[in-house]
Every structure is written in C-alpha cells, then in structure tokens.
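Structure record follows, encoded as structure tokens.
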Amino acid sequence: SKANVYFDGKVVSHTVRFADGSKKTIGLIYPGKFHFGTGAAERMEIIAGNCEVLLDGTSETLSIEAGSFFDVPANSGFTMTVADCICEYICSFLEA
C-alpha cells in the first residue's frame with residue numbers, strides 16, 4: 001500500500017487490509033515528539049525500539065519497550081516521544 005507520511009517524514013505508516021475486513025497499520029517513528037488523534041480505539045504494539053507515551057487526559061507517562069503495547073480509547077489521542085532510535089509499531093483497531 002502507499003505510504004502515509006506525517007510530521008515531515010518522521011512518521012511513516014502503511015495500511016494492511018485483511019480478508020475479514022479488519023485492518024492494521026504498520027510503521028516507523030523517528031526520534032521526536034508527536035501527538036496522534038484516534039477515531040477508533042486502537043492497540044499500539046511496539047515491535048522494535050522504545051518510546052514514552054502520554055495518553056490524553058492522563059498525567060502518567062508510560063515507558064513502552066519492544067514487545068509491549070498500549071491501548072488508546074476511541075475519540076482520544078496520545079503523545080509519543082521517541083528519544084534516540086527508530087520505533088517500529090503495529091496498530092490494531094479494536095472493536096468497541
């Protein structure tokens with residue numbers, strides 16, 4: 001699929017659609033601090049690298065390492081900070 005490029009090329013994702021109608025996005029996040037909004041609830045799995053995440057409406061910063069995930073409610077958002085690596089992720093859209 002065609003790349004979706006955000007934040008001057010520092011975030012790149014591709015959408016993958018499955019036969020059952022579900023979809024995921026996979027991508028790379030380069031060092032920086034980025035805010036993402038959500039329409040649907042989603043699970044962000046970090047598959048390489050690490051990041052810090054602040055979910056909208058919370059005050060606790062989460063440290064997320066490769067092999068871990070965090071969930072984001074629908075109609076919300078989060079701020080992700082990647083310090084010094086490339087963070088690779090898989091985003092799954094969750095049923096309400």
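Note on naming: chains are A, B, ... as they come in the structure tokens, residues start from 1 per chain, ligands start from 1 in the order shown.
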Find the residues around region 60-62 of chain A up to 10 Å (only C-alpha atoms counted), leave out those fewer than 4 positions away in its own chain, and share them as a PyMOL selection string.
chain A and resi 51-55+70+79-81
Near Ala48 (chain A), counting only C-alpha atoms, which residues have an atom at most 12 Å away, once you skip same-chain residues fewer than 5 positions from it, shown as a count of residues only?
18
Identify, with DSSP run on backbone atoms, the residues in region 13-91 of chain A assigned to strand (DSSP E or B), and express the list as JSON, numbers by chain.
{"A": [13, 14, 15, 16, 17, 23, 24, 25, 26, 27, 28, 29, 32, 33, 34, 35, 36, 37, 42, 43, 44, 45, 46, 47, 48, 50, 51, 52, 53, 54, 55, 62, 63, 64, 65, 68, 69, 70, 71, 72, 77, 78, 79, 80, 81, 82, 87, 88, 89, 90, 91]}
What does the structure give for the distance between CA of Ser13 (chain A) and CA of Asp71 (chain A), in Å to one decimal?
18.0 Å
Residue among A:Thr15, A:Asn4, A:Thr25, A:Asn50 lying closest to Cys91 (chain A), counting only C-alpha atoms:
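Closest residue, counting only C-alpha atoms: A:Thr25.
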Counting only C-alpha atoms, figure out which residue out of A:Ile47, A:Lys10, A:Thr58, A:Val72 gets nearest to Lys33 (chain A).
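So, comparing all the options, the nearest one is A:Lys10.
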Separation of CA of Asp56 (chain A) from CA of Lys2 (chain A) in Å
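Between CA of Lys2 (chain A) and CA of Asp56 (chain A) the gap is 28.9 Å.
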